[in-house]
>>> print(open('data-v3.txt').read())   # compact mmCIF, C-alpha atoms
# COMPACT_ATOMS: atom_id res chain seq x y z
CA MET P 1 0.84 12.52 -4.98
CA PRO P 2 -2.16 10.45 -3.91
CA GLU P 3 -5.59 11.72 -4.86
CA GLU P 4 -7.47 13.79 -2.29
CA GLU P 5 -10.32 11.26 -2.32
CA THR P 6 -7.98 8.40 -1.37
CA VAL P 7 -6.46 10.34 1.52
CA GLU P 8 -9.97 11.20 2.73
CA ARG P 9 -11.07 7.55 2.60
CA ALA P 10 -7.99 6.52 4.59
CA ARG P 11 -8.67 9.24 7.18
CA GLU P 12 -12.25 8.00 7.48
CA ASP P 13 -10.92 4.48 8.14
CA GLU P 14 -8.67 5.93 10.85
CA ARG P 15 -11.61 7.73 12.48
CA GLU P 16 -13.56 4.47 12.45
CA GLY P 17 -10.67 2.86 14.32
CA LYS P 18 -9.63 0.54 11.51
CA SER P 19 -6.09 -0.87 11.38
CA PRO P 20 -3.27 0.93 9.56
CA SER P 21 -3.11 -1.87 6.98
CA THR P 22 -6.79 -1.26 6.14
CA GLN P 23 -6.08 2.46 5.76
CA ALA P 24 -3.07 1.66 3.55
CA GLY P 25 -5.29 -0.60 1.45
CA GLU P 26 -6.97 2.50 0.05
CA PHE P 27 -3.67 3.66 -1.41
CA VAL P 28 -2.90 0.21 -2.83
CA ARG P 29 -6.36 0.19 -4.44
CA GLU P 30 -5.65 3.60 -5.97
CA GLU P 31 -2.36 2.31 -7.39
CA MET P 32 -4.12 -0.67 -9.00
CA GLU P 33 -6.64 1.72 -10.53
CA HIS P 34 -3.82 3.83 -11.99
CA ILE P 35 -2.32 0.77 -13.62
CA ARG P 36 -5.67 -0.42 -14.95
CA GLU P 37 -6.45 3.01 -16.38
CA GLY P 38 -3.10 2.89 -18.15
CA GLU P 39 -1.59 5.83 -16.26
CA HIS P 40 1.54 3.71 -15.76
CA GLY P 41 2.56 0.08 -15.28
CA ALA P 42 4.46 -2.03 -12.77
CA ARG P 43 6.93 -4.87 -13.07
CA SER P 44 4.92 -7.06 -10.71
CA SER P 45 1.91 -6.98 -8.39
CA LYS P 46 4.39 -6.86 -5.53
CA GLN P 47 5.88 -3.63 -6.88
CA ALA P 48 2.43 -2.09 -7.35
CA ILE P 49 1.55 -2.94 -3.73
CA ALA P 50 4.88 -1.52 -2.53
CA ILE P 51 4.22 1.77 -4.32
CA GLY P 52 0.79 1.98 -2.64
CA LEU P 53 2.22 1.26 0.82
CA SER P 54 4.94 3.86 0.32
CA LYS P 55 2.35 6.49 -0.64
CA ALA P 56 0.27 5.55 2.40
CA ARG P 57 3.19 6.00 4.78
CA ARG P 58 4.10 9.33 3.19
CA ALA P 59 0.49 10.45 3.55
CA GLY P 60 0.66 9.85 7.30
CA VAL P 61 -0.73 6.33 7.76
CA LYS P 62 0.99 4.87 10.83
CA LEU P 63 1.98 1.63 9.13
CA PRO P 64 5.16 0.22 10.73
CA PRO P 65 7.88 -1.41 8.60
CA SER P 66 7.74 -5.23 8.44
CA LYS P 67 9.51 -7.29 11.06
CA ARG P 68 13.13 -8.33 10.62
CA GLY P 69 13.41 -11.47 8.54
CA LYS P 70 10.18 -10.74 6.67
CA THR P 71 11.72 -8.20 4.30
CA SER P 72 15.17 -7.05 3.31
CA SER P 73 16.90 -4.42 5.43
CA ARG P 74 16.82 -2.09 2.42
CA THR P 75 13.03 -2.34 2.15
CA ARG P 76 12.68 -1.79 5.89
CA ARG P 77 14.97 1.26 5.80
CA GLN P 78 12.90 2.73 2.95
CA ALA P 79 9.69 2.11 4.92
CA GLU P 80 11.17 3.92 7.92
CA ARG P 81 12.15 6.81 5.64
CA ASP P 82 8.60 6.95 4.22
CA LEU P 83 7.15 6.98 7.75
CA ALA P 84 9.41 9.87 8.73
CA LYS P 85 8.35 11.75 5.59
CA GLY P 86 4.72 11.25 6.60
CA ARG P 87 5.38 12.81 10.00
CA GLY P 88 7.39 15.79 8.74
CA ALA P 89 6.32 18.94 6.96
CA ARG P 90 5.45 18.70 3.26
CA ARG P 91 8.21 19.60 0.83
CA LYS P 92 7.57 20.06 -2.85
CA PRO P 93 8.63 16.85 -4.65
CA SER P 94 11.50 17.07 -7.14
CA ARG P 95 10.03 17.53 -10.59
CA THR P 96 12.94 15.82 -12.34
CA ARG P 97 12.81 12.74 -10.13
CA SER P 98 9.01 12.49 -10.36
CA ARG P 99 9.19 12.63 -14.12
CA ALA P 100 11.95 10.01 -14.27
CA THR P 101 9.99 7.63 -12.02
CA LYS P 102 6.83 8.13 -14.05
CA ARG P 103 8.64 7.47 -17.34
CA ALA P 104 10.25 4.31 -15.98
CA LEU P 105 6.87 3.03 -14.76
CA LYS P 106 5.21 3.88 -18.08
CA ARG P 107 7.59 1.44 -19.77
CA GLU P 108 6.42 -1.43 -17.53
CA GLY P 109 3.55 -3.78 -18.34
CA ARG P 110 -0.04 -3.33 -17.21
CA SER P 111 -0.79 -6.94 -16.30
CA ALA P 112 0.45 -6.53 -12.70
CA ALA P 113 -2.97 -5.22 -11.69
CA SER P 114 -4.97 -7.91 -13.48
CA ARG P 115 -7.24 -10.20 -11.47
CA PRO P 116 -5.17 -13.36 -12.07
CA ALA P 117 -1.94 -11.56 -11.12
CA LEU P 118 -3.44 -10.20 -7.89
CA SER P 119 -4.93 -13.58 -7.10
CA ARG P 120 -1.52 -15.21 -7.63
CA GLN P 121 0.10 -12.60 -5.38
CA ALA P 122 -2.49 -13.11 -2.61
CA ARG P 123 -2.09 -16.88 -2.70
CA SER P 124 1.70 -16.77 -2.59
CA ALA P 125 1.56 -14.24 0.27
CA ALA P 126 -0.83 -16.51 2.18
CA ARG P 127 1.40 -19.53 1.56
CA SER P 128 4.30 -17.82 3.30
CA ARG P 129 2.20 -17.41 6.46
CA SER P 130 1.74 -20.10 9.07
CA ALA P 131 -1.63 -21.80 9.64
CA ARG P 132 -1.73 -20.27 13.12
CA SER P 133 -1.22 -16.75 11.78
CA ARG P 134 -3.94 -17.21 9.13
CA SER P 135 -6.31 -18.62 11.72
CA ALA P 136 -5.65 -15.71 14.09
CA ALA P 137 -6.38 -13.23 11.29
CA ALA P 138 -9.67 -14.97 10.49
CA LYS P 139 -10.71 -14.97 14.15
CA LYS P 140 -9.88 -11.28 14.48
CA THR P 141 -11.95 -10.55 11.36
CA ALA P 142 -14.90 -12.43 12.83
CA ARG P 143 -14.61 -10.47 16.09
CA THR P 144 -14.48 -7.07 14.41
CA ARG P 145 -17.27 -8.06 12.02
CA LYS P 146 -19.53 -8.77 15.02
CA ARG P 147 -18.63 -5.41 16.51
CA ARG P 148 -19.45 -3.54 13.29
CA ARG P 149 -22.87 -5.16 12.95
CA GLY P 150 -23.94 -4.48 16.54
>>> encode(input="data-v3.txt", output="structure tokens")
Amino acid sequence: MPEEETVERAREDEREGKSPSTQAGEFVREEMEHIREGEHGARSSKQAIAIGLSKARRAGVKLPPSKRGKTSSRTRRQAERDLAKGRGARRKPSRTRSRATKRALKREGRSAASRPALSRQARSAARSRSARSRSAAAKKTARTRKRRRG
């Protein structure tokens, strides 16, 4: 379960009209904090980010699954399932499954949330994007930054 504070921050982002990925970023940040505090670990930064995105979708953030060809069909199916869970009524999570997941994550390393690891992840993610896509993102940022200041 995500912390109340995280959900509130994401809701605030939604009220301010920020994009779903920005709202989801709050959950990813929370996940990194959990790993840094030693609550559990993760096999890689990518896994830690995936856990955060999954929590975001389940908490009701309208973050669509990635496009075909960007991720595996299994990942996309899981994202769709998470989205549906976020729309539906809350059911109490299975205690056994939660405990099993937690124990498995506790056995993983803590370095996935380190600065170098996250930096590596960000660079490799940027490398897979085209120059045009990166440029468009930067231009959009500049536009919204102007709007926020004014």
>>> residues_around(input="data-v3.txt", residues="Arg11 (chain P)", least_positions_apart="3", cutoff="12 Å", atoms="only C-alpha atoms", output="VMD selection string")
chain P and resid 4 to 8 14 to 20 22 to 27 56 59 to 62
>>> residues_around(input="data-v3.txt", residues="region 70-72 of chain P", least_positions_apart="3", cutoff="12 Å", atoms="only C-alpha atoms", output="list in words")
Ala50, Pro65, Ser66, Lys67, Thr75, Arg76, Arg77, Gln78, Ala79, Ala125, Ser128 and Arg129 of chain P
>>> write_last_selection(input="data-v3.txt", atoms="C-alpha atoms", output="PDB file, keeping the file's coordinate frame")
ATOM      1  CA  ALA P  50       4.880  -1.520  -2.530  1.00  0.00           C
ATOM      2  CA  PRO P  65       7.880  -1.410   8.600  1.00  0.00           C
ATOM      3  CA  SER P  66       7.740  -5.230   8.440  1.00  0.00           C
ATOM      4  CA  LYS P  67       9.510  -7.290  11.060  1.00  0.00           C
ATOM      5  CA  THR P  75      13.030  -2.340   2.150  1.00  0.00           C
ATOM      6  CA  ARG P  76      12.680  -1.790   5.890  1.00  0.00           C
ATOM      7  CA  ARG P  77      14.970   1.260   5.800  1.00  0.00           C
ATOM      8  CA  GLN P  78      12.900   2.730   2.950  1.00  0.00           C
ATOM      9  CA  ALA P  79       9.690   2.110   4.920  1.00  0.00           C
ATOM     10  CA  ALA P 125       1.560 -14.240   0.270  1.00  0.00           C
ATOM     11  CA  SER P 128       4.300 -17.820   3.300  1.00  0.00           C
ATOM     12  CA  ARG P 129       2.200 -17.410   6.460  1.00  0.00           C
TER      13      ARG P 129
END
>>> closest_residue(input="data-v3.txt", among="P:His40, P:Arg29, P:Arg123, P:Lys46", to="Thr101 (chain P)", atoms="all atoms listed in the file")
P:His40
>>> residues_around(input="data-v3.txt", residues="Ile51 (chain P)", least_positions_apart="2", cutoff="10 Å", atoms="all atoms listed in the file", output="VMD selection string")
chain P and resid 27 to 28 31 to 32 42 45 to 49 53 to 56
>>> closest_residue(input="data-v3.txt", among="P:Lys139, P:Arg95, P:Arg115, P:Arg132", to="Glu33 (chain P)", atoms="all atoms listed in the file")
P:Arg115
>>> closest_residue(input="data-v3.txt", among="P:Glu108, P:Arg57, P:Ser98, P:Met1", to="Gly86 (chain P)", atoms="only C-alpha atoms")
P:Arg57
>>> atom_distance(input="data-v3.txt", atom1="CA of Leu83 (chain P)", atom2="CA of Leu63 (chain P)")
7.6 Å
>>> build_atoms(input="data-v3.txt", residues="region 113-144 of chain P", atoms="N, CA and C atoms", output="PDB file, in the coordinates of the input")
ATOM      1  N   ALA P 113      -1.750  -5.515 -12.425  1.00  0.00           N
ATOM      2  CA  ALA P 113      -2.970  -5.220 -11.690  1.00  0.00           C
ATOM      3  C   ALA P 113      -4.153  -6.054 -12.158  1.00  0.00           C
ATOM      4  N   SER P 114      -3.867  -7.083 -12.983  1.00  0.00           N
ATOM      5  CA  SER P 114      -4.970  -7.910 -13.480  1.00  0.00           C
ATOM      6  C   SER P 114      -5.454  -8.833 -12.363  1.00  0.00           C
ATOM      7  N   ARG P 115      -6.666  -9.324 -12.498  1.00  0.00           N
ATOM      8  CA  ARG P 115      -7.240 -10.200 -11.470  1.00  0.00           C
ATOM      9  C   ARG P 115      -6.392 -11.452 -11.243  1.00  0.00           C
ATOM     10  N   PRO P 116      -5.984 -12.158 -12.304  1.00  0.00           N
ATOM     11  CA  PRO P 116      -5.170 -13.360 -12.070  1.00  0.00           C
ATOM     12  C   PRO P 116      -3.851 -13.039 -11.362  1.00  0.00           C
ATOM     13  N   ALA P 117      -3.231 -11.919 -11.731  1.00  0.00           N
ATOM     14  CA  ALA P 117      -1.940 -11.560 -11.120  1.00  0.00           C
ATOM     15  C   ALA P 117      -2.117 -11.263  -9.642  1.00  0.00           C
ATOM     16  N   LEU P 118      -3.186 -10.530  -9.302  1.00  0.00           N
ATOM     17  CA  LEU P 118      -3.440 -10.200  -7.890  1.00  0.00           C
ATOM     18  C   LEU P 118      -3.814 -11.441  -7.101  1.00  0.00           C
ATOM     19  N   SER P 119      -4.537 -12.335  -7.744  1.00  0.00           N
ATOM     20  CA  SER P 119      -4.930 -13.580  -7.100  1.00  0.00           C
ATOM     21  C   SER P 119      -3.688 -14.415  -6.801  1.00  0.00           C
ATOM     22  N   ARG P 120      -2.784 -14.491  -7.797  1.00  0.00           N
ATOM     23  CA  ARG P 120      -1.520 -15.210  -7.630  1.00  0.00           C
ATOM     24  C   ARG P 120      -0.724 -14.626  -6.468  1.00  0.00           C
ATOM     25  N   GLN P 121      -0.655 -13.292  -6.422  1.00  0.00           N
ATOM     26  CA  GLN P 121       0.100 -12.600  -5.380  1.00  0.00           C
ATOM     27  C   GLN P 121      -0.492 -12.910  -3.999  1.00  0.00           C
ATOM     28  N   ALA P 122      -1.819 -12.858  -3.892  1.00  0.00           N
ATOM     29  CA  ALA P 122      -2.490 -13.110  -2.610  1.00  0.00           C
ATOM     30  C   ALA P 122      -2.235 -14.533  -2.135  1.00  0.00           C
ATOM     31  N   ARG P 123      -2.307 -15.480  -3.074  1.00  0.00           N
ATOM     32  CA  ARG P 123      -2.090 -16.880  -2.700  1.00  0.00           C
ATOM     33  C   ARG P 123      -0.664 -17.129  -2.251  1.00  0.00           C
ATOM     34  N   SER P 124       0.298 -16.540  -2.966  1.00  0.00           N
ATOM     35  CA  SER P 124       1.700 -16.770  -2.590  1.00  0.00           C
ATOM     36  C   SER P 124       1.996 -16.090  -1.268  1.00  0.00           C
ATOM     37  N   ALA P 125       1.362 -14.936  -1.011  1.00  0.00           N
ATOM     38  CA  ALA P 125       1.560 -14.240   0.270  1.00  0.00           C
ATOM     39  C   ALA P 125       0.973 -15.075   1.402  1.00  0.00           C
ATOM     40  N   ALA P 126      -0.184 -15.683   1.151  1.00  0.00           N
ATOM     41  CA  ALA P 126      -0.830 -16.510   2.180  1.00  0.00           C
ATOM     42  C   ALA P 126      -0.011 -17.760   2.461  1.00  0.00           C
ATOM     43  N   ARG P 127       0.587 -18.324   1.403  1.00  0.00           N
ATOM     44  CA  ARG P 127       1.400 -19.530   1.560  1.00  0.00           C
ATOM     45  C   ARG P 127       2.586 -19.314   2.488  1.00  0.00           C
ATOM     46  N   SER P 128       3.120 -18.071   2.482  1.00  0.00           N
ATOM     47  CA  SER P 128       4.300 -17.820   3.300  1.00  0.00           C
ATOM     48  C   SER P 128       3.937 -17.631   4.775  1.00  0.00           C
ATOM     49  N   ARG P 129       2.639 -17.578   5.073  1.00  0.00           N
ATOM     50  CA  ARG P 129       2.200 -17.410   6.460  1.00  0.00           C
ATOM     51  C   ARG P 129       1.871 -18.773   7.076  1.00  0.00           C
ATOM     52  N   SER P 130       2.029 -18.845   8.402  1.00  0.00           N
ATOM     53  CA  SER P 130       1.740 -20.100   9.070  1.00  0.00           C
ATOM     54  C   SER P 130       0.226 -20.277   9.220  1.00  0.00           C
ATOM     55  N   ALA P 131      -0.200 -21.509   9.460  1.00  0.00           N
ATOM     56  CA  ALA P 131      -1.630 -21.800   9.640  1.00  0.00           C
ATOM     57  C   ALA P 131      -2.147 -21.034  10.852  1.00  0.00           C
ATOM     58  N   ARG P 132      -1.322 -20.964  11.896  1.00  0.00           N
ATOM     59  CA  ARG P 132      -1.730 -20.270  13.120  1.00  0.00           C
ATOM     60  C   ARG P 132      -1.978 -18.784  12.848  1.00  0.00           C
ATOM     61  N   SER P 133      -1.092 -18.183  12.080  1.00  0.00           N
ATOM     62  CA  SER P 133      -1.220 -16.750  11.780  1.00  0.00           C
ATOM     63  C   SER P 133      -2.469 -16.477  10.931  1.00  0.00           C
ATOM     64  N   ARG P 134      -2.737 -17.384   9.958  1.00  0.00           N
ATOM     65  CA  ARG P 134      -3.940 -17.210   9.130  1.00  0.00           C
ATOM     66  C   ARG P 134      -5.193 -17.378   9.968  1.00  0.00           C
ATOM     67  N   SER P 135      -5.161 -18.351  10.860  1.00  0.00           N
ATOM     68  CA  SER P 135      -6.310 -18.620  11.720  1.00  0.00           C
ATOM     69  C   SER P 135      -6.584 -17.429  12.638  1.00  0.00           C
ATOM     70  N   ALA P 136      -5.515 -16.860  13.190  1.00  0.00           N
ATOM     71  CA  ALA P 136      -5.650 -15.710  14.090  1.00  0.00           C
ATOM     72  C   ALA P 136      -6.273 -14.530  13.347  1.00  0.00           C
ATOM     73  N   ALA P 137      -5.847 -14.335  12.094  1.00  0.00           N
ATOM     74  CA  ALA P 137      -6.380 -13.230  11.290  1.00  0.00           C
ATOM     75  C   ALA P 137      -7.878 -13.432  11.045  1.00  0.00           C
ATOM     76  N   ALA P 138      -8.262 -14.674  10.750  1.00  0.00           N
ATOM     77  CA  ALA P 138      -9.670 -14.970  10.490  1.00  0.00           C
ATOM     78  C   ALA P 138     -10.515 -14.738  11.735  1.00  0.00           C
ATOM     79  N   LYS P 139      -9.974 -15.156  12.892  1.00  0.00           N
ATOM     80  CA  LYS P 139     -10.710 -14.970  14.150  1.00  0.00           C
ATOM     81  C   LYS P 139     -10.882 -13.484  14.464  1.00  0.00           C
ATOM     82  N   LYS P 140      -9.826 -12.720  14.213  1.00  0.00           N
ATOM     83  CA  LYS P 140      -9.880 -11.280  14.480  1.00  0.00           C
ATOM     84  C   LYS P 140     -10.940 -10.635  13.578  1.00  0.00           C
ATOM     85  N   THR P 141     -10.968 -11.058  12.307  1.00  0.00           N
ATOM     86  CA  THR P 141     -11.950 -10.550  11.360  1.00  0.00           C
ATOM     87  C   THR P 141     -13.361 -10.816  11.866  1.00  0.00           C
ATOM     88  N   ALA P 142     -13.573 -12.052  12.338  1.00  0.00           N
ATOM     89  CA  ALA P 142     -14.900 -12.430  12.830  1.00  0.00           C
ATOM     90  C   ALA P 142     -15.293 -11.562  14.025  1.00  0.00           C
ATOM     91  N   ARG P 143     -14.335 -11.317  14.901  1.00  0.00           N
ATOM     92  CA  ARG P 143     -14.610 -10.470  16.090  1.00  0.00           C
ATOM     93  C   ARG P 143     -14.996  -9.054  15.674  1.00  0.00           C
ATOM     94  N   THR P 144     -14.204  -8.463  14.784  1.00  0.00           N
ATOM     95  CA  THR P 144     -14.480  -7.070  14.410  1.00  0.00           C
ATOM     96  C   THR P 144     -15.752  -6.984  13.574  1.00  0.00           C
TER      97      THR P 144
END
